file data.txt (compact mmCIF, C-alpha atoms and all ligand atoms)
# COMPACT_ATOMS: atom_id res chain seq x y z
CA MET M 1 162.72 152.30 151.75
CA SER M 2 163.04 153.37 155.40
CA ARG M 3 164.25 150.99 158.06
CA TYR M 4 160.78 151.24 159.63
CA PHE M 5 158.92 149.75 156.67
CA SER M 6 157.25 146.48 157.63
CA GLU M 7 159.22 143.43 156.54
CA LYS M 8 156.06 141.93 155.13
CA TYR M 9 156.18 144.52 152.32
CA GLY M 10 159.91 144.24 151.72
CA GLY M 11 159.57 142.43 148.39
CA LEU M 12 156.52 144.30 147.14
CA VAL M 13 156.70 145.45 143.51
CA PRO M 14 154.06 148.21 143.13
CA TYR M 15 151.91 148.85 140.08
CA VAL M 16 153.31 151.42 137.66
CA PRO M 17 150.53 153.68 136.32
CA GLY M 18 150.73 154.97 132.75
CA GLU M 19 152.78 158.14 132.28
CA GLN M 20 151.02 161.40 133.14
CA PRO M 21 152.62 163.90 130.77
CA ARG M 22 154.04 167.13 132.11
CA GLY M 23 155.61 170.16 130.45
CA ARG M 24 154.63 169.24 126.92
CA SER M 25 151.26 168.53 125.39
CA PHE M 26 150.84 164.97 124.20
CA VAL M 27 148.09 163.09 122.40
CA LYS M 28 147.39 160.85 125.36
CA LEU M 29 146.54 157.32 124.25
CA ASN M 30 148.20 155.44 127.11
CA THR M 31 145.70 154.96 129.96
CA ASN M 32 142.40 154.10 128.26
CA GLU M 33 140.62 157.25 129.34
CA SER M 34 137.64 158.49 127.36
CA PRO M 35 138.31 161.26 124.83
CA PHE M 36 134.90 162.71 125.74
CA PRO M 37 134.01 164.82 128.79
CA PRO M 38 131.66 163.42 131.43
CA SER M 39 127.94 163.71 130.69
CA PRO M 40 126.60 167.23 131.28
CA TYR M 41 124.35 165.72 133.97
CA ALA M 42 127.36 164.19 135.73
CA GLN M 43 129.12 167.56 135.66
CA ARG M 44 126.08 169.49 136.90
CA PHE M 45 125.31 167.05 139.72
CA ALA M 46 128.96 167.11 140.85
CA ARG M 47 128.96 170.93 140.88
CA GLU M 48 125.77 170.95 142.92
CA ALA M 49 127.26 168.45 145.39
CA ALA M 50 130.28 170.74 145.87
CA GLY M 51 128.14 173.06 148.00
CA ASP M 52 127.73 170.29 150.59
CA LEU M 53 131.35 169.21 150.85
CA ARG M 54 131.36 170.36 154.50
CA LEU M 55 129.55 167.10 155.27
CA TYR M 56 130.88 163.57 154.99
CA SER M 57 129.70 161.69 151.93
CA ASP M 58 126.91 159.13 152.33
CA PRO M 59 128.76 155.93 153.35
CA GLU M 60 125.92 153.82 151.94
CA CYS M 61 125.84 155.65 148.58
CA ARG M 62 122.05 155.29 148.80
CA ARG M 63 120.99 157.39 145.81
CA LEU M 64 123.75 155.99 143.64
CA ARG M 65 122.85 152.45 144.69
CA GLU M 66 119.17 153.00 143.86
CA THR M 67 120.05 154.52 140.49
CA ALA M 68 122.32 151.58 139.69
CA ALA M 69 119.68 149.10 140.85
CA GLU M 70 117.18 150.66 138.48
CA TYR M 71 119.73 150.79 135.65
CA PHE M 72 120.75 147.14 135.91
CA GLY M 73 117.39 145.72 137.03
CA LEU M 74 118.78 144.26 140.27
CA ALA M 75 118.09 144.83 143.97
CA PRO M 76 119.98 147.74 145.62
CA ASP M 77 121.79 145.34 147.97
CA CYS M 78 123.54 143.73 144.97
CA PHE M 79 125.88 146.77 144.70
CA VAL M 80 128.90 148.17 146.49
CA PHE M 81 130.71 151.34 145.40
CA THR M 82 134.41 151.96 145.64
CA ASN M 83 137.18 154.45 144.91
CA GLY M 84 137.73 153.26 141.35
CA SER M 85 137.37 149.58 140.52
CA ASP M 86 140.94 149.01 141.70
CA GLU M 87 139.54 149.29 145.22
CA ILE M 88 136.83 146.65 144.74
CA LEU M 89 139.47 144.37 143.22
CA TYR M 90 141.69 144.93 146.24
CA PHE M 91 138.76 144.10 148.52
CA ALA M 92 138.11 140.94 146.52
CA PHE M 93 141.73 139.79 146.88
CA SER M 94 141.54 140.56 150.62
CA ALA M 95 138.17 138.86 151.14
CA TYR M 96 138.57 135.73 149.05
CA CYS M 97 142.27 134.83 148.78
CA ASP M 98 144.54 133.28 151.38
CA SER M 99 147.14 130.52 151.57
CA SER M 100 144.55 127.85 150.79
CA HIS M 101 142.70 129.98 148.19
CA PRO M 102 145.32 131.23 145.74
CA ALA M 103 144.50 133.95 143.24
CA VAL M 104 144.15 132.37 139.80
CA PHE M 105 144.67 134.53 136.72
CA ALA M 106 146.23 134.66 133.26
CA ASP M 107 149.89 135.36 132.51
CA ILE M 108 148.85 138.28 130.30
CA THR M 109 146.15 140.31 132.02
CA TYR M 110 145.68 143.41 134.15
CA GLY M 111 149.03 143.96 135.89
CA PHE M 112 147.42 144.96 139.16
CA TYR M 113 146.28 141.38 139.93
CA LYS M 114 149.87 140.35 140.62
CA VAL M 115 150.40 143.44 142.78
CA PHE M 116 147.22 142.78 144.79
CA ALA M 117 148.33 139.17 145.36
CA GLY M 118 151.66 140.59 146.59
CA VAL M 119 150.20 143.20 148.93
CA CYS M 120 147.73 140.66 150.36
CA GLY M 121 150.54 138.10 150.73
CA VAL M 122 148.60 135.38 148.89
CA PRO M 123 149.91 132.86 146.38
CA ALA M 124 149.11 133.33 142.69
CA ARG M 125 148.46 130.54 140.21
CA ILE M 126 149.22 131.89 136.76
CA ILE M 127 147.60 130.24 133.73
CA PRO M 128 149.16 131.10 130.35
CA LEU M 129 146.88 132.35 127.59
CA LYS M 130 147.07 130.42 124.32
CA ASP M 131 149.59 131.54 121.67
CA ASP M 132 146.95 133.75 120.03
CA PHE M 133 146.25 135.42 123.41
CA THR M 134 142.84 133.79 123.75
CA LEU M 135 141.83 132.22 127.05
CA ASP M 136 140.72 128.59 127.16
CA PRO M 137 137.74 128.48 129.57
CA GLU M 138 138.50 124.84 130.41
CA ASP M 139 141.83 125.91 131.93
CA TYR M 140 139.73 127.52 134.67
CA PHE M 141 137.34 124.65 135.42
CA GLY M 142 137.87 123.54 139.03
CA ALA M 143 140.53 126.25 139.34
CA GLY M 144 141.17 125.52 143.04
CA GLY M 145 141.36 129.19 143.99
CA THR M 146 139.76 132.57 143.48
CA VAL M 147 139.57 133.29 139.77
CA PHE M 148 140.18 136.78 138.35
CA ILE M 149 139.32 137.29 134.69
CA ALA M 150 139.26 140.65 132.92
CA ASN M 151 136.56 140.52 130.26
CA PRO M 152 137.47 141.91 127.79
CA ASN M 153 141.02 141.16 128.79
CA ALA M 154 143.65 143.86 129.11
CA PRO M 155 145.90 144.59 127.34
CA THR M 156 144.75 142.20 124.60
CA GLY M 157 141.16 143.49 124.28
CA ILE M 158 139.97 139.95 123.58
CA ALA M 159 136.59 139.02 125.11
CA LEU M 160 135.07 135.76 126.28
CA THR M 161 131.41 135.13 125.46
CA PRO M 162 128.88 135.30 128.33
CA GLY M 163 128.36 131.56 127.72
CA ASP M 164 132.04 130.84 128.40
CA ILE M 165 131.98 133.03 131.50
CA GLU M 166 128.97 131.11 132.77
CA ARG M 167 130.72 127.78 132.16
CA ILE M 168 133.70 128.98 134.24
CA VAL M 169 131.49 130.24 137.07
CA ALA M 170 129.45 127.03 137.06
CA ALA M 171 132.62 124.91 137.13
CA ASN M 172 133.91 126.64 140.29
CA ARG M 173 130.96 126.43 142.68
CA ASP M 174 133.25 126.21 145.73
CA SER M 175 135.32 129.24 144.75
CA ILE M 176 134.69 132.87 143.94
CA VAL M 177 135.00 133.98 140.32
CA VAL M 178 135.64 137.69 139.81
CA ILE M 179 134.86 139.08 136.37
CA ASP M 180 136.51 142.46 135.89
CA GLU M 181 134.35 144.28 133.35
CA ALA M 182 136.31 147.54 133.17
CA TYR M 183 135.95 147.52 129.36
CA VAL M 184 132.74 145.55 128.90
CA ASP M 185 130.72 148.42 127.42
CA PHE M 186 132.88 148.56 124.29
CA GLY M 187 131.63 145.32 122.79
CA ALA M 188 131.60 142.35 125.19
CA GLY M 189 128.60 140.71 126.86
CA SER M 190 128.24 141.41 130.57
CA ALA M 191 127.95 138.75 133.28
CA VAL M 192 125.83 141.05 135.47
CA GLY M 193 122.71 139.09 134.48
CA LEU M 194 124.22 135.99 136.15
CA VAL M 195 124.68 137.36 139.67
CA ASN M 196 121.24 136.23 140.86
CA LYS M 197 121.95 132.73 139.59
CA TYR M 198 125.48 132.19 140.93
CA PRO M 199 126.34 132.96 144.58
CA ASN M 200 130.06 132.65 143.73
CA LEU M 201 130.15 135.39 141.05
CA LEU M 202 131.43 138.92 141.67
CA VAL M 203 131.35 141.34 138.73
CA THR M 204 133.34 144.57 138.91
CA GLN M 205 132.80 147.60 136.71
CA THR M 206 134.26 151.09 136.51
CA PHE M 207 133.01 154.57 135.61
CA SER M 208 136.53 155.45 134.41
CA LYS M 209 136.25 154.35 130.78
CA SER M 210 132.82 154.27 129.10
CA ARG M 211 131.41 156.87 131.51
CA SER M 212 134.31 159.36 131.27
CA LEU M 213 134.89 159.62 135.03
CA ALA M 214 138.46 158.36 135.49
CA GLY M 215 139.35 161.35 137.67
CA GLY M 216 136.18 160.94 139.76
CA ARG M 217 137.40 157.48 140.89
CA LEU M 218 134.25 155.41 140.93
CA GLY M 219 134.02 151.64 140.67
CA MET M 220 131.43 149.11 141.72
CA GLY M 221 130.98 145.50 142.66
CA ILE M 222 127.84 143.66 141.59
CA ALA M 223 127.00 140.32 143.21
CA CYS M 224 124.47 138.51 145.38
CA PRO M 225 123.83 140.31 148.73
CA GLU M 226 125.95 137.81 150.73
CA LEU M 227 129.11 138.63 148.74
CA ILE M 228 128.32 142.34 148.85
CA SER M 229 128.10 142.10 152.63
CA ASP M 230 131.59 140.50 152.76
CA ILE M 231 132.97 143.43 150.80
CA GLU M 232 131.05 145.90 152.98
CA THR M 233 132.69 144.38 156.07
CA LEU M 234 136.09 145.21 154.61
CA ARG M 235 134.98 148.63 153.37
CA TYR M 236 133.61 149.61 156.80
CA SER M 237 136.81 148.27 158.35
CA THR M 238 139.01 150.52 156.24
CA ASN M 239 137.25 153.62 154.87
CA PRO M 240 133.43 153.88 154.92
CA TYR M 241 133.63 157.28 153.16
CA ASN M 242 135.63 155.86 150.29
CA VAL M 243 133.46 157.52 147.62
CA GLY M 244 133.24 161.32 147.87
CA SER M 245 129.97 163.23 147.52
CA MET M 246 130.89 164.85 144.19
CA THR M 247 131.82 161.47 142.79
CA GLN M 248 128.58 159.85 143.96
CA ALA M 249 126.64 162.70 142.34
CA ALA M 250 128.63 162.43 139.10
CA GLY M 251 128.01 158.68 139.03
CA ILE M 252 124.24 159.20 139.31
CA GLY M 253 124.33 161.72 136.45
CA ALA M 254 126.40 159.35 134.29
CA LEU M 255 123.95 156.48 134.82
CA LEU M 256 120.86 158.62 134.16
CA ASP M 257 122.24 159.98 130.88
CA ARG M 258 121.96 156.78 128.85
CA GLU M 259 121.77 158.66 125.58
CA TYR M 260 125.13 160.38 126.06
CA PHE M 261 126.69 157.10 127.21
CA GLU M 262 125.47 155.30 124.06
CA GLU M 263 126.62 158.11 121.81
CA CYS M 264 130.16 158.18 123.28
CA ARG M 265 130.70 154.44 123.30
CA ASN M 266 129.33 154.06 119.77
CA LYS M 267 131.79 156.68 118.54
CA ILE M 268 134.66 154.86 120.25
CA ILE M 269 133.63 151.51 118.77
CA SER M 270 133.39 153.05 115.32
CA VAL M 271 136.77 154.86 115.58
CA ARG M 272 138.32 151.62 116.88
CA GLY M 273 137.15 149.80 113.75
CA SER M 274 138.40 152.43 111.31
CA THR M 275 141.75 152.78 113.12
CA GLU M 276 142.29 149.00 113.14
CA LYS M 277 141.53 148.86 109.43
CA ARG M 278 144.09 151.56 108.65
CA LEU M 279 146.68 149.97 110.94
CA ARG M 280 146.24 146.64 109.14
CA GLU M 281 146.75 148.43 105.82
CA LEU M 282 150.08 149.66 107.24
CA GLY M 283 151.02 146.04 108.00
CA PHE M 284 150.14 145.92 111.71
CA ASP M 285 148.68 142.87 113.36
CA CYS M 286 145.86 143.84 115.76
CA THR M 287 144.13 141.49 118.18
CA ASP M 288 140.35 141.25 117.98
CA SER M 289 139.61 144.01 120.49
CA SER M 290 136.26 144.50 122.22
CA ALA M 291 137.72 147.27 124.39
CA ASN M 292 138.54 150.98 124.00
CA PHE M 293 142.09 150.16 122.97
CA ILE M 294 143.96 148.37 120.21
CA PHE M 295 146.81 145.93 120.85
CA ALA M 296 149.09 146.01 117.84
CA GLU M 297 152.46 144.94 116.52
CA HIS M 298 154.33 145.45 113.27
CA PRO M 299 156.71 142.90 111.73
CA ARG M 300 159.30 145.57 110.91
CA VAL M 301 159.14 147.92 113.90
CA SER M 302 159.81 146.65 117.41
CA GLY M 303 157.28 147.50 120.11
CA GLU M 304 159.86 149.53 121.99
CA THR M 305 160.89 151.52 118.88
CA PHE M 306 157.28 152.23 117.93
CA TYR M 307 156.55 153.47 121.46
CA ARG M 308 159.67 155.69 121.50
CA GLU M 309 159.16 157.10 117.99
CA LEU M 310 155.53 157.94 118.77
CA ARG M 311 156.58 159.65 121.98
CA GLU M 312 159.07 161.79 120.09
CA ARG M 313 156.19 162.84 117.86
CA GLY M 314 154.07 163.82 120.89
CA ILE M 315 151.92 160.70 121.08
CA LEU M 316 151.80 158.51 124.18
CA VAL M 317 150.79 154.86 123.99
CA ARG M 318 151.44 152.05 126.49
CA HIS M 319 154.32 149.65 126.01
CA PHE M 320 154.71 146.69 128.38
CA ASP M 321 158.21 145.32 128.59
CA ALA M 322 156.89 141.87 129.48
CA PRO M 323 157.37 138.37 128.03
CA ARG M 324 155.23 137.55 124.93
CA ILE M 325 153.95 141.10 124.49
CA SER M 326 157.02 143.33 124.35
CA ASN M 327 156.67 143.70 120.59
CA ARG M 328 153.19 145.19 120.96
CA ASN M 329 151.72 148.46 122.10
CA ARG M 330 148.35 149.18 123.64
CA ILE M 331 146.82 152.17 121.95
CA THR M 332 143.78 153.84 123.56
CA VAL M 333 141.04 154.73 121.10
CA GLY M 334 140.84 158.51 121.30
CA SER M 335 138.77 160.96 119.27
CA ALA M 336 138.72 160.69 115.46
CA GLU M 337 141.09 163.69 115.30
CA GLU M 338 143.54 162.15 117.78
CA MET M 339 143.56 158.89 115.82
CA GLU M 340 144.32 160.78 112.60
CA LEU M 341 147.42 162.24 114.28
CA PHE M 342 148.36 158.80 115.60
CA LEU M 343 147.89 157.13 112.19
CA ALA M 344 149.93 159.81 110.41
CA ALA M 345 152.78 159.25 112.89
CA ALA M 346 152.44 155.44 112.64
CA GLY M 347 152.62 155.69 108.84
CA GLU M 348 155.81 157.78 109.01
CA ILE M 349 157.45 155.37 111.45
CA VAL M 350 156.60 152.29 109.37
CA LYS M 351 157.78 153.91 106.13
CA ALA M 352 161.07 154.95 107.71
CA ALA M 353 161.61 151.39 108.98
CA GLU M 354 160.81 149.96 105.54
CA ARG M 355 163.23 152.36 103.82
CA LYS M 356 165.92 151.34 106.28
CA ASP M 357 165.22 147.61 105.73
CA ASP M 358 165.45 148.22 101.98
CA GLY M 359 168.96 149.69 102.41
CA GLY M 360 167.95 153.36 102.45
CA PRO M 361 168.97 155.85 105.11
CA GLY M 362 165.73 155.58 107.09
CA ASP M 363 164.97 158.54 109.30
N1 LIG F 401 140.54 146.62 135.53
C1 LIG F 401 141.22 146.76 134.40
C2 LIG F 401 141.32 145.58 133.48
C3 LIG F 401 141.83 147.98 134.08
O1 LIG F 401 142.53 148.12 132.95
C4 LIG F 401 141.69 149.07 134.97
C5 LIG F 401 142.30 150.42 134.62
N2 LIG F 401 143.62 150.57 134.90
C6 LIG F 401 140.98 148.85 136.15
C7 LIG F 401 140.40 147.63 136.40
C8 LIG F 401 140.86 149.90 137.22
O2 LIG F 401 140.32 151.09 136.78
P1 LIG F 401 139.70 152.13 137.82
O3 LIG F 401 140.39 151.95 139.15
O4 LIG F 401 139.95 153.46 137.21
O5 LIG F 401 138.24 151.80 137.92
call {"tool": "encode", "arguments": {"input": "data.txt", "output": "structure tokens", "more": "lines below"}}
Ligand code: PMP
result
Amino acid sequence: MSRYFSEKYGGLVPYVPGEQPRGRSFVKLNTNESPFPPSPYAQRFAREAAGDLRLYSDPECRRLRETAAEYFGLAPDCFVFTNGSDEILYFAFSAYCDSSHPAVFADITYGFYKVFAGVCGVPARIIPLKDDFTLDPEDYFGAGGTVFIANPNAPTGIALTPGDIERIVAANRDSIVVIDEAYVDFGAGSAVGLVNKYPNLLVTQTFSKSRSLAGGRLGMGIACPELISDIETLRYSTNPYNVGSMTQAAGIGALLDREYFEECRNKIISVRGSTEKRLRELGFDCTDSSANFIFAEHPRVSGETFYRELRERGILVRHFDAPRISNRNRITVGSAEEMELFLAAAGEIVKAAERKDDGGPGD
């Protein structure tokens, strides 16, 4: 840190993104990307937009907004687009949290919430999940601050029902409730249908996972027009051209190609189920995931060892050295072929640990 760095950021602990492998090819199951390329429409539209890169991108994202409005059956002014959904989350922390409106979120959830609270200098009220990693909706009734819930949650993959989400939103009429639906397309029910009913609900979604556009950096906020205009005030006060032209074009293509979207997410849901089944046969405990990842632990292999042994075998998963979850790993659901490689490695690691426990030499 230089001596010029503002004191207000002195204690900031930044987010640590998942490892981006270099120098060796890995089976990359550590950042919840899609194993499938973007829709051919998304690719073609982005290529076509490249010819116009001389010009600034449309700050209003008009065509993308209209396409999204049609897709979700809402008015165009219910949408705001951002540079990944991390940016809309940052705007939400900036817009709706301060010393009298703490950020309220679970102890085990998306790690960026704590970082955003830090960078915005706002207090955080942390509510522990239950022992089985489920969230008790009643813990959030009258939360007394701005609520952030990832649904499905990360890294557990566990989803709340739309009914439970509605109960939380309805029980916090004087506060904003942000539902982060980064993984919603893999099996949870969306709260988007509630935005016309609740003026305190902001739903965020991303194109990074189910629409294969992580590198395009496209996220969106969906809410009643009044909340969208709050976020727009912040967006126009920081970077009105936050979404590039190629990314806007790719986003339109991804939304228009519903068939490809369905096909990819159905494959991921199916491979998730078969991988979980085989992991359980190997003795792993897996949470009930509605996301594109599996959150697993084994009684005989520590989370850290499993992570390290997989890495040595060329497979990257995500290990969080955090209380309550350090024995688990979050494993992105890749292609069927990638999961075969992962399962073969997992089988070897478990067998070696069992041989060692039984007095053998192990590996
Ligand atoms: N929310 C959750 C729960 C996530 O796991 C992620 C991915 N790291 C994001 C939001 C942000 O993703 P992106 O910025 O790529 O949209």
call {"tool": "residues_around", "arguments": {"input": "data.txt", "residues": "Phe141 (chain M)", "least_positions_apart": "6", "cutoff": "9 Å", "atoms": "only C-alpha atoms", "output": "PDB file with C-alpha atoms, keeping the file's coordinate frame"}}
result
ATOM      1  CA  ARG M 167     130.720 127.780 132.160  1.00  0.00           C
ATOM      2  CA  ILE M 168     133.700 128.980 134.240  1.00  0.00           C
ATOM      3  CA  VAL M 169     131.490 130.240 137.070  1.00  0.00           C
ATOM      4  CA  ALA M 170     129.450 127.030 137.060  1.00  0.00           C
ATOM      5  CA  ALA M 171     132.620 124.910 137.130  1.00  0.00           C
ATOM      6  CA  ASN M 172     133.910 126.640 140.290  1.00  0.00           C
TER       7      ASN M 172
END
call {"tool": "residues_near_point", "arguments": {"input": "data.txt", "point": "(135.2, 160.8, 151.0)", "cutoff": "10 Å", "atoms": "all atoms listed in the file", "output": "PyMOL selection string"}}
result
chain M and resi 53+55-59+83+239-248
call {"tool": "axis_aligned_box", "arguments": {"input": "data.txt", "around": "region 118-128 of chain M", "padding_each_side": "5 Å", "output": "lines of an AutoDock Vina configuration file"}}
result
center_x = 149.6
center_y = 136.7
center_z = 140.5
size_x = 14.1
size_y = 23.0
size_z = 30.4
call {"tool": "closest_residue", "arguments": {"input": "data.txt", "among": "M:Glu262, M:Glu181, M:Glu48, M:Asp139", "to": "ligand LIG 401 (chain F)", "atoms": "only C-alpha atoms and all ligand atoms"}}
result
M:Glu181
call {"tool": "residues_near_ligand", "arguments": {"input": "data.txt", "ligand": "ligand LIG 401 (chain F)", "cutoff": "8 Å", "atoms": "all atoms listed in the file", "output": "mmCIF file with C-alpha atoms, in the coordinates of the input"}}
result
data_model
loop_
_atom_site.group_PDB
_atom_site.id
_atom_site.type_symbol
_atom_site.label_atom_id
_atom_site.label_comp_id
_atom_site.auth_asym_id
_atom_site.auth_seq_id
_atom_site.Cartn_x
_atom_site.Cartn_y
_atom_site.Cartn_z
ATOM 1 C CA PRO M 17 150.530 153.680 136.320
ATOM 2 C CA THR M 31 145.700 154.960 129.960
ATOM 3 C CA ASN M 32 142.400 154.100 128.260
ATOM 4 C CA ASN M 83 137.180 154.450 144.910
ATOM 5 C CA GLY M 84 137.730 153.260 141.350
ATOM 6 C CA SER M 85 137.370 149.580 140.520
ATOM 7 C CA ASP M 86 140.940 149.010 141.700
ATOM 8 C CA GLU M 87 139.540 149.290 145.220
ATOM 9 C CA LEU M 89 139.470 144.370 143.220
ATOM 10 C CA THR M 109 146.150 140.310 132.020
ATOM 11 C CA TYR M 110 145.680 143.410 134.150
ATOM 12 C CA PHE M 112 147.420 144.960 139.160
ATOM 13 C CA ALA M 150 139.260 140.650 132.920
ATOM 14 C CA ASN M 151 136.560 140.520 130.260
ATOM 15 C CA PRO M 152 137.470 141.910 127.790
ATOM 16 C CA ASN M 153 141.020 141.160 128.790
ATOM 17 C CA ALA M 154 143.650 143.860 129.110
ATOM 18 C CA PRO M 155 145.900 144.590 127.340
ATOM 19 C CA ASP M 180 136.510 142.460 135.890
ATOM 20 C CA GLU M 181 134.350 144.280 133.350
ATOM 21 C CA ALA M 182 136.310 147.540 133.170
ATOM 22 C CA TYR M 183 135.950 147.520 129.360
ATOM 23 C CA GLN M 205 132.800 147.600 136.710
ATOM 24 C CA THR M 206 134.260 151.090 136.510
ATOM 25 C CA PHE M 207 133.010 154.570 135.610
ATOM 26 C CA SER M 208 136.530 155.450 134.410
ATOM 27 C CA LYS M 209 136.250 154.350 130.780
ATOM 28 C CA ALA M 214 138.460 158.360 135.490
ATOM 29 C CA GLY M 215 139.350 161.350 137.670
ATOM 30 C CA ARG M 217 137.400 157.480 140.890
ATOM 31 C CA LEU M 218 134.250 155.410 140.930
ATOM 32 C CA GLY M 219 134.020 151.640 140.670
#
call {"tool": "residues_around", "arguments": {"input": "data.txt", "residues": "Ala296 (chain M)", "least_positions_apart": "4", "cutoff": "12 Å", "atoms": "only C-alpha atoms", "output": "CSV table (one decimal) with C-alpha atoms, in the frame of the given file"}}
result
chain,number,residue,atom,x,y,z
M,155,PRO,CA,145.9,144.6,127.3
M,156,THR,CA,144.8,142.2,124.6
M,157,GLY,CA,141.2,143.5,124.3
M,275,THR,CA,141.8,152.8,113.1
M,276,GLU,CA,142.3,149.0,113.1
M,277,LYS,CA,141.5,148.9,109.4
M,278,ARG,CA,144.1,151.6,108.6
M,279,LEU,CA,146.7,150.0,110.9
M,280,ARG,CA,146.2,146.6,109.1
M,282,LEU,CA,150.1,149.7,107.2
M,283,GLY,CA,151.0,146.0,108.0
M,284,PHE,CA,150.1,145.9,111.7
M,285,ASP,CA,148.7,142.9,113.4
M,286,CYS,CA,145.9,143.8,115.8
M,287,THR,CA,144.1,141.5,118.2
M,288,ASP,CA,140.4,141.2,118.0
M,289,SER,CA,139.6,144.0,120.5
M,301,VAL,CA,159.1,147.9,113.9
M,302,SER,CA,159.8,146.6,117.4
M,303,GLY,CA,157.3,147.5,120.1
M,306,PHE,CA,157.3,152.2,117.9
M,307,TYR,CA,156.6,153.5,121.5
M,317,VAL,CA,150.8,154.9,124.0
M,318,ARG,CA,151.4,152.0,126.5
M,319,HIS,CA,154.3,149.6,126.0
M,320,PHE,CA,154.7,146.7,128.4
M,325,ILE,CA,154.0,141.1,124.5
M,326,SER,CA,157.0,143.3,124.4
M,327,ASN,CA,156.7,143.7,120.6
M,328,ARG,CA,153.2,145.2,121.0
M,329,ASN,CA,151.7,148.5,122.1
M,330,ARG,CA,148.4,149.2,123.6
M,331,ILE,CA,146.8,152.2,122.0
M,332,THR,CA,143.8,153.8,123.6
M,346,ALA,CA,152.4,155.4,112.6
call {"tool": "closest_residue", "arguments": {"input": "data.txt", "among": "M:Gly23, M:Glu281, M:Cys61, M:Ser210", "to": "Pro76 (chain M)", "atoms": "all atoms listed in the file"}}
result
M:Cys61
call {"tool": "atom_distance", "arguments": {"input": "data.txt", "atom1": "CA of Thr82 (chain M)", "atom2": "CA of Ile294 (chain M)"}}
result
27.4 Å
call {"tool": "closest_residue", "arguments": {"input": "data.txt", "among": "M:Tyr260, M:Phe105, M:Phe116, M:Phe81", "to": "Thr204 (chain M)", "atoms": "only C-alpha atoms"}}
result
M:Phe81
call {"tool": "closest_residue", "arguments": {"input": "data.txt", "among": "M:Ala106, M:Ala143, M:Val350, M:Val195", "to": "His298 (chain M)", "atoms": "only C-alpha atoms"}}
result
M:Val350
call {"tool": "atom_distance", "arguments": {"input": "data.txt", "atom1": "CA of Thr67 (chain M)", "atom2": "CA of Leu256 (chain M)"}}
result
7.6 Å
call {"tool": "atom_distance", "arguments": {"input": "data.txt", "atom1": "CA of Phe148 (chain M)", "atom2": "CA of Ile179 (chain M)"}}
result
6.1 Å
call {"tool": "residues_near_point", "arguments": {"input": "data.txt", "point": "(127.2, 139.3, 147.4)", "cutoff": "12 Å", "atoms": "only C-alpha atoms", "output": "PyMOL selection string"}}
result
chain M and resi 75-80+92+95+176-178+195-204+221-233
